[in-house]
Amino acid sequence: MASPFDIDEIYPDDGDQPLRLPRRQVGNSPQGVAVTLLADYTLRTRVALPSAAIVALLGEAGVTTAGARTAISRLARRGVLEGSRLGRRSSYRLSRAAAVNLSAGGQWILASTTSTPRWDGCWTIVAFSLPQDRSTQRRALRAQLRWLGYAPLYDGLWISPQELTPAARAELDRLTLGAVTVFRGRQSVLASAIHRAPIEAWDIEAIGRSYDAFLRRWTPLLPEVRSGQVDGAAAVRARTEVMDTFRRFPVLDPQLPVELLPRDWLRRPARELFAAVYDGLAAPAERHVRAVVERFADAAQPGIAAHTTADLVAGVRAEVDPAQPSAGGSATGCS
């Protein structure tokens, strides 16, 4: 089995839509780091930053100048960034569509790791069959099912303990064009000792090890964060890394029922540690980003503001399209 962190998409891919957020790779890709930086400090205001400042910030994260400029150019072509020019100076900001998409992703990350809805004992099953010549559609469907919290129990049969939400229904309608069937029901346990339980669609031991690795990586830094010893570029790098790592957990562990998990499941401790590091470094990281931007701008940029976990939960409400379906769904039961 591949590493649970080998996930193509963390945020939803809009398929044929103009906006295409970068693929998430093992480690940090230049495009992914650029999106994280802009989202962490400009999501609410969508303020434009000089391209030279973005390149400098990416350089502090280990991205070469050439790699940074290529990442910015590709993000602009994908519709994630909008460019503008004043004289010889070019600037970029998050597009409106990207801000809405990233805001929804931030809300999902926090909601998925903060609470687990009461489980009714039922599973939602998505069965699909697509011809071999529709491999692109099949990959898009699998990526969206991962985003929606499903995992493959068998090839072409994906499951989730959660109800099929209106948002999930709309995505399946858009991607499958009728080549899919959805059920919800309880498992009938067979007498055979070799039957496969639905929870085995997730590698629980591997997810547990990933939580443990996250805690071991970030717990030693916490005293330094709380005492103000992490500052400047180090604060920005740490915030970027902790976000890029933590946001993968809702895909790995999509609110799996606590009844089916080990008693000492580390979802909550990991979420609490993430909040302590991410929020604890917000002020020094914001100061550094402002200082770097001011080196390349004619005046201070008042629109730079570090996102916190409270901001992630609140979302960018003014940007959300009210016509979009709600991500919530009501339990109907399956008895």
# chains A, B, ... in the order shown; residues from 1 in each chain; ligands from 1
call {"tool": "closest_atom_pairs", "arguments": {"of": "segment 100-119 of chain A", "to": "segment 248-265 of chain A", "cutoff": "7 Å", "atoms": "only C-alpha atoms", "output": "CSV"}}
result
residue,atom,partner,partner_atom,distance
A:Ile109,CA,A:Pro250,CA,6.0
A:Ser112,CA,A:Gln255,CA,5.7
A:Thr113,CA,A:Pro250,CA,6.6
A:Thr116,CA,A:Gln255,CA,5.4
A:Trp119,CA,A:Pro257,CA,6.2
call {"tool": "closest_atom_pairs", "arguments": {"of": "segment 264-300 of chain A", "to": "segment 60-81 of chain A", "cutoff": "12 Å", "atoms": "only C-alpha atoms", "output": "Markdown table"}}
result
| residue | atom | partner | partner_atom | distance |
| --- | --- | --- | --- | --- |
| A:His288 | CA | A:Glu60 | CA | 11.1 |
| A:Val289 | CA | A:Glu60 | CA | 10.9 |
| A:Val292 | CA | A:Glu60 | CA | 10.5 |
call {"tool": "closest_residue", "arguments": {"among": "A:Leu215, A:Ala52, A:Val180, A:Leu164", "to": "Arg268 of chain A", "atoms": "only C-alpha atoms"}}
result
A:Leu215
call {"tool": "select_by_dssp", "arguments": {"residues": "segment 92-158 of chain A", "states": "alpha helix (DSSP H)", "output": "mmCIF file with N, CA and C atoms, in the first residue's frame"}}
result
data_model
loop_
_atom_site.group_PDB
_atom_site.id
_atom_site.type_symbol
_atom_site.label_atom_id
_atom_site.label_comp_id
_atom_site.auth_asym_id
_atom_site.auth_seq_id
_atom_site.Cartn_x
_atom_site.Cartn_y
_atom_site.Cartn_z
ATOM 1 N N ARG A 96 -10.617 35.334 -7.167
ATOM 2 C CA ARG A 96 -11.817 35.166 -6.335
ATOM 3 C C ARG A 96 -12.186 33.691 -6.199
ATOM 4 N N ALA A 97 -12.118 32.958 -7.320
ATOM 5 C CA ALA A 97 -12.467 31.534 -7.277
ATOM 6 C C ALA A 97 -11.518 30.767 -6.371
ATOM 7 N N ALA A 98 -10.222 31.096 -6.434
ATOM 8 C CA ALA A 98 -9.254 30.409 -5.576
ATOM 9 C C ALA A 98 -9.509 30.716 -4.110
ATOM 10 N N ALA A 99 -9.842 31.982 -3.799
ATOM 11 C CA ALA A 99 -10.109 32.353 -2.409
ATOM 12 C C ALA A 99 -11.300 31.579 -1.860
ATOM 13 N N VAL A 100 -12.356 31.458 -2.651
ATOM 14 C CA VAL A 100 -13.537 30.707 -2.212
ATOM 15 C C VAL A 100 -13.172 29.240 -2.000
ATOM 16 N N ASN A 101 -12.433 28.680 -2.955
ATOM 17 C CA ASN A 101 -12.059 27.275 -2.885
ATOM 18 C C ASN A 101 -11.179 27.001 -1.676
ATOM 19 N N LEU A 102 -10.179 27.848 -1.459
ATOM 20 C CA LEU A 102 -9.271 27.663 -0.329
ATOM 21 C C LEU A 102 -9.976 27.898 0.998
ATOM 22 N N SER A 103 -10.909 28.832 1.019
ATOM 23 C CA SER A 103 -11.678 29.068 2.238
ATOM 24 C C SER A 103 -12.500 27.834 2.607
ATOM 25 N N ALA A 104 -13.149 27.246 1.596
ATOM 26 C CA ALA A 104 -13.926 26.023 1.845
ATOM 27 C C ALA A 104 -13.012 24.909 2.338
ATOM 28 N N GLY A 105 -11.813 24.820 1.746
ATOM 29 C CA GLY A 105 -10.871 23.805 2.187
ATOM 30 C C GLY A 105 -10.442 24.018 3.623
ATOM 31 N N GLY A 106 -10.203 25.279 4.015
ATOM 32 C CA GLY A 106 -9.813 25.565 5.388
ATOM 33 C C GLY A 106 -10.896 25.211 6.387
ATOM 34 N N GLN A 107 -12.139 25.549 6.053
ATOM 35 C CA GLN A 107 -13.253 25.187 6.935
ATOM 36 C C GLN A 107 -13.339 23.676 7.096
ATOM 37 N N TRP A 108 -13.190 22.976 5.984
ATOM 38 C CA TRP A 108 -13.279 21.511 5.985
ATOM 39 C C TRP A 108 -12.184 20.899 6.842
ATOM 40 N N ILE A 109 -10.952 21.436 6.743
ATOM 41 C CA ILE A 109 -9.835 20.909 7.523
ATOM 42 C C ILE A 109 -10.131 20.991 9.014
ATOM 43 N N LEU A 110 -10.601 22.150 9.462
ATOM 44 C CA LEU A 110 -10.854 22.326 10.898
ATOM 45 C C LEU A 110 -12.087 21.559 11.355
ATOM 46 N N ALA A 111 -13.166 21.611 10.572
ATOM 47 C CA ALA A 111 -14.393 20.916 10.972
ATOM 48 C C ALA A 111 -14.177 19.410 11.030
ATOM 49 N N SER A 112 -13.414 18.878 10.082
ATOM 50 C CA SER A 112 -13.218 17.435 10.011
ATOM 51 C C SER A 112 -12.382 16.901 11.160
ATOM 52 N N THR A 113 -11.542 17.745 11.734
ATOM 53 C CA THR A 113 -10.657 17.277 12.796
ATOM 54 C C THR A 113 -11.086 17.745 14.180
ATOM 55 N N THR A 114 -12.133 18.577 14.250
ATOM 56 C CA THR A 114 -12.579 19.098 15.537
ATOM 57 C C THR A 114 -13.657 18.215 16.159
ATOM 58 N N SER A 135 -9.969 7.053 -18.777
ATOM 59 C CA SER A 135 -9.071 7.053 -17.623
ATOM 60 C C SER A 135 -9.008 8.420 -16.953
ATOM 61 N N THR A 136 -9.086 9.503 -17.726
ATOM 62 C CA THR A 136 -9.049 10.843 -17.139
ATOM 63 C C THR A 136 -10.253 11.067 -16.246
ATOM 64 N N GLN A 137 -11.434 10.649 -16.719
ATOM 65 C CA GLN A 137 -12.648 10.789 -15.922
ATOM 66 C C GLN A 137 -12.558 9.925 -14.667
ATOM 67 N N ARG A 138 -11.969 8.730 -14.794
ATOM 68 C CA ARG A 138 -11.855 7.838 -13.645
ATOM 69 C C ARG A 138 -10.926 8.441 -12.587
ATOM 70 N N ARG A 139 -9.808 9.031 -13.029
ATOM 71 C CA ARG A 139 -8.903 9.668 -12.071
ATOM 72 C C ARG A 139 -9.574 10.848 -11.378
ATOM 73 N N ALA A 140 -10.317 11.644 -12.142
ATOM 74 C CA ALA A 140 -11.008 12.788 -11.547
ATOM 75 C C ALA A 140 -12.039 12.326 -10.532
ATOM 76 N N LEU A 141 -12.757 11.250 -10.843
ATOM 77 C CA LEU A 141 -13.760 10.729 -9.917
ATOM 78 C C LEU A 141 -13.103 10.230 -8.638
ATOM 79 N N ARG A 142 -12.003 9.503 -8.769
ATOM 80 C CA ARG A 142 -11.319 8.998 -7.579
ATOM 81 C C ARG A 142 -10.787 10.137 -6.715
ATOM 82 N N ALA A 143 -10.234 11.162 -7.363
ATOM 83 C CA ALA A 143 -9.725 12.309 -6.606
ATOM 84 C C ALA A 143 -10.853 12.989 -5.844
ATOM 85 N N GLN A 144 -12.012 13.148 -6.486
ATOM 86 C CA GLN A 144 -13.137 13.787 -5.824
ATOM 87 C C GLN A 144 -13.689 12.917 -4.701
ATOM 88 N N LEU A 145 -13.719 11.602 -4.906
ATOM 89 C CA LEU A 145 -14.190 10.719 -3.844
ATOM 90 C C LEU A 145 -13.273 10.808 -2.627
ATOM 91 N N ARG A 146 -11.949 10.905 -2.849
ATOM 92 C CA ARG A 146 -11.027 11.104 -1.736
ATOM 93 C C ARG A 146 -11.358 12.404 -1.009
ATOM 94 N N TRP A 147 -11.554 13.471 -1.789
ATOM 95 C CA TRP A 147 -11.881 14.780 -1.209
ATOM 96 C C TRP A 147 -13.169 14.708 -0.403
#
call {"tool": "closest_residue", "arguments": {"among": "A:Gly208, A:Gly83, A:Pro220, A:Pro131", "to": "Val47 of chain A", "atoms": "only C-alpha atoms"}}
result
A:Gly83
call {"tool": "residues_around", "arguments": {"residues": "Glu272 of chain A", "least_positions_apart": "6", "cutoff": "12 Å", "atoms": "only C-alpha atoms", "output": "ChimeraX atom specification"}}
result
/A:110,113-114,211,214-215,218-219,222,246,266,278-280,309
call {"tool": "closest_residue", "arguments": {"among": "A:Gly303, A:Pro30, A:Pro269, A:Pro198", "to": "Ala151 of chain A", "atoms": "only C-alpha atoms"}}
result
A:Pro198
call {"tool": "decode", "arguments": {"residues": "segment 256-270 of chain A", "atoms": "all heavy atoms", "output": "CSV table (one decimal), in the first residue's frame"}}
result
chain,number,residue,atom,x,y,z
A,256,LEU,N,-13.8,9.5,10.6
A,256,LEU,CA,-14.1,8.1,10.8
A,256,LEU,C,-14.8,7.9,12.1
A,256,LEU,O,-14.4,8.5,13.1
A,256,LEU,CB,-12.9,7.2,10.6
A,256,LEU,CG,-12.2,7.2,9.2
A,256,LEU,CD1,-10.9,6.5,9.3
A,256,LEU,CD2,-13.2,6.7,8.2
A,257,PRO,N,-15.8,7.0,12.2
A,257,PRO,CA,-16.5,6.9,13.5
A,257,PRO,C,-15.6,6.4,14.6
A,257,PRO,O,-14.8,5.5,14.5
A,257,PRO,CB,-17.5,5.8,13.2
A,257,PRO,CG,-17.7,5.8,11.7
A,257,PRO,CD,-16.4,6.2,11.2
A,258,VAL,N,-15.7,7.1,15.8
A,258,VAL,CA,-14.8,6.7,16.9
A,258,VAL,C,-15.1,5.3,17.4
A,258,VAL,O,-14.2,4.7,18.0
A,258,VAL,CB,-15.0,7.7,18.1
A,258,VAL,CG1,-14.5,9.1,17.7
A,258,VAL,CG2,-16.4,7.8,18.5
A,259,GLU,N,-16.3,4.8,17.1
A,259,GLU,CA,-16.6,3.4,17.6
A,259,GLU,C,-15.8,2.4,16.9
A,259,GLU,O,-15.6,1.3,17.4
A,259,GLU,CB,-18.1,3.1,17.3
A,259,GLU,CG,-19.1,4.0,18.0
A,259,GLU,CD,-19.5,5.2,17.1
A,259,GLU,OE1,-18.6,5.7,16.3
A,259,GLU,OE2,-20.6,5.7,17.3
A,260,LEU,N,-15.2,2.7,15.7
A,260,LEU,CA,-14.4,1.8,14.9
A,260,LEU,C,-12.9,2.0,15.0
A,260,LEU,O,-12.2,1.3,14.4
A,260,LEU,CB,-14.9,1.9,13.5
A,260,LEU,CG,-16.3,1.6,13.2
A,260,LEU,CD1,-16.6,1.8,11.7
A,260,LEU,CD2,-16.8,0.3,13.6
A,261,LEU,N,-12.5,2.9,15.9
A,261,LEU,CA,-11.1,3.3,15.9
A,261,LEU,C,-10.5,2.9,17.3
A,261,LEU,O,-11.2,2.7,18.2
A,261,LEU,CB,-11.0,4.9,15.8
A,261,LEU,CG,-11.5,5.4,14.4
A,261,LEU,CD1,-11.5,6.9,14.5
A,261,LEU,CD2,-10.6,4.9,13.3
A,262,PRO,N,-9.2,2.8,17.3
A,262,PRO,CA,-8.5,2.5,18.6
A,262,PRO,C,-8.9,3.5,19.7
A,262,PRO,O,-9.1,4.7,19.3
A,262,PRO,CB,-7.0,2.6,18.3
A,262,PRO,CG,-7.0,2.3,16.8
A,262,PRO,CD,-8.2,2.9,16.2
A,263,ARG,N,-8.9,3.1,20.9
A,263,ARG,CA,-9.3,4.0,22.0
A,263,ARG,C,-8.4,5.3,22.1
A,263,ARG,O,-8.9,6.3,22.5
A,263,ARG,CB,-9.3,3.2,23.3
A,263,ARG,CG,-9.8,4.0,24.5
A,263,ARG,CD,-9.9,3.1,25.7
A,263,ARG,NE,-10.9,2.1,25.5
A,263,ARG,CZ,-11.2,1.2,26.4
A,263,ARG,NH1,-10.6,1.1,27.6
A,263,ARG,NH2,-12.2,0.2,26.1
A,264,ASP,N,-7.1,5.1,21.8
A,264,ASP,CA,-6.2,6.3,22.0
A,264,ASP,C,-6.0,7.0,20.7
A,264,ASP,O,-4.9,7.4,20.4
A,264,ASP,CB,-4.9,5.8,22.6
A,264,ASP,CG,-4.2,4.7,21.7
A,264,ASP,OD1,-4.9,4.2,20.8
A,264,ASP,OD2,-3.1,4.4,21.9
A,265,TRP,N,-7.0,7.1,19.8
A,265,TRP,CA,-6.9,7.7,18.5
A,265,TRP,C,-6.4,9.2,18.7
A,265,TRP,O,-6.9,9.9,19.5
A,265,TRP,CB,-8.2,7.7,17.8
A,265,TRP,CG,-8.2,8.0,16.3
A,265,TRP,CD1,-8.8,8.9,15.6
A,265,TRP,CD2,-7.4,7.2,15.4
A,265,TRP,NE1,-8.5,8.8,14.3
A,265,TRP,CE2,-7.7,7.8,14.1
A,265,TRP,CE3,-6.6,6.1,15.4
A,265,TRP,CZ2,-7.1,7.3,12.9
A,265,TRP,CZ3,-6.1,5.6,14.2
A,265,TRP,CH2,-6.3,6.2,13.0
A,266,LEU,N,-5.4,9.6,17.8
A,266,LEU,CA,-4.7,10.8,18.0
A,266,LEU,C,-5.3,12.0,17.2
A,266,LEU,O,-4.6,13.0,17.1
A,266,LEU,CB,-3.2,10.6,17.7
A,266,LEU,CG,-2.5,9.6,18.6
A,266,LEU,CD1,-1.1,9.4,18.1
A,266,LEU,CD2,-2.5,10.1,20.0
A,267,ARG,N,-6.5,11.9,16.7
A,267,ARG,CA,-7.0,13.0,15.9
A,267,ARG,C,-7.1,14.3,16.7
A,267,ARG,O,-6.6,15.4,16.3
A,267,ARG,CB,-8.4,12.6,15.4
A,267,ARG,CG,-9.1,13.7,14.6
A,267,ARG,CD,-10.6,13.4,14.4
A,267,ARG,NE,-10.8,12.2,13.6
A,267,ARG,CZ,-11.8,11.3,13.7
A,267,ARG,NH1,-12.7,11.6,14.6
A,267,ARG,NH2,-11.9,10.3,13.0
A,268,ARG,N,-7.6,14.3,17.9
A,268,ARG,CA,-7.8,15.5,18.7
A,268,ARG,C,-6.4,16.1,19.2
A,268,ARG,O,-6.2,17.3,19.0
A,268,ARG,CB,-8.7,15.2,19.9
A,268,ARG,CG,-9.0,16.5,20.7
A,268,ARG,CD,-9.9,16.2,21.9
A,268,ARG,NE,-11.3,16.0,21.3
A,268,ARG,CZ,-12.1,16.9,21.0
A,268,ARG,NH1,-11.8,18.2,21.1
A,268,ARG,NH2,-13.3,16.6,20.5
A,269,PRO,N,-5.5,15.2,19.7
A,269,PRO,CA,-4.2,15.8,20.1
A,269,PRO,C,-3.5,16.5,18.9
A,269,PRO,O,-2.9,17.5,19.0
A,269,PRO,CB,-3.4,14.6,20.6
A,269,PRO,CG,-4.5,13.7,21.1
A,269,PRO,CD,-5.6,13.8,20.1
A,270,ALA,N,-3.6,15.9,17.7
A,270,ALA,CA,-3.0,16.4,16.5
A,270,ALA,C,-3.6,17.8,16.2
A,270,ALA,O,-2.9,18.7,15.8
A,270,ALA,CB,-3.0,15.5,15.4
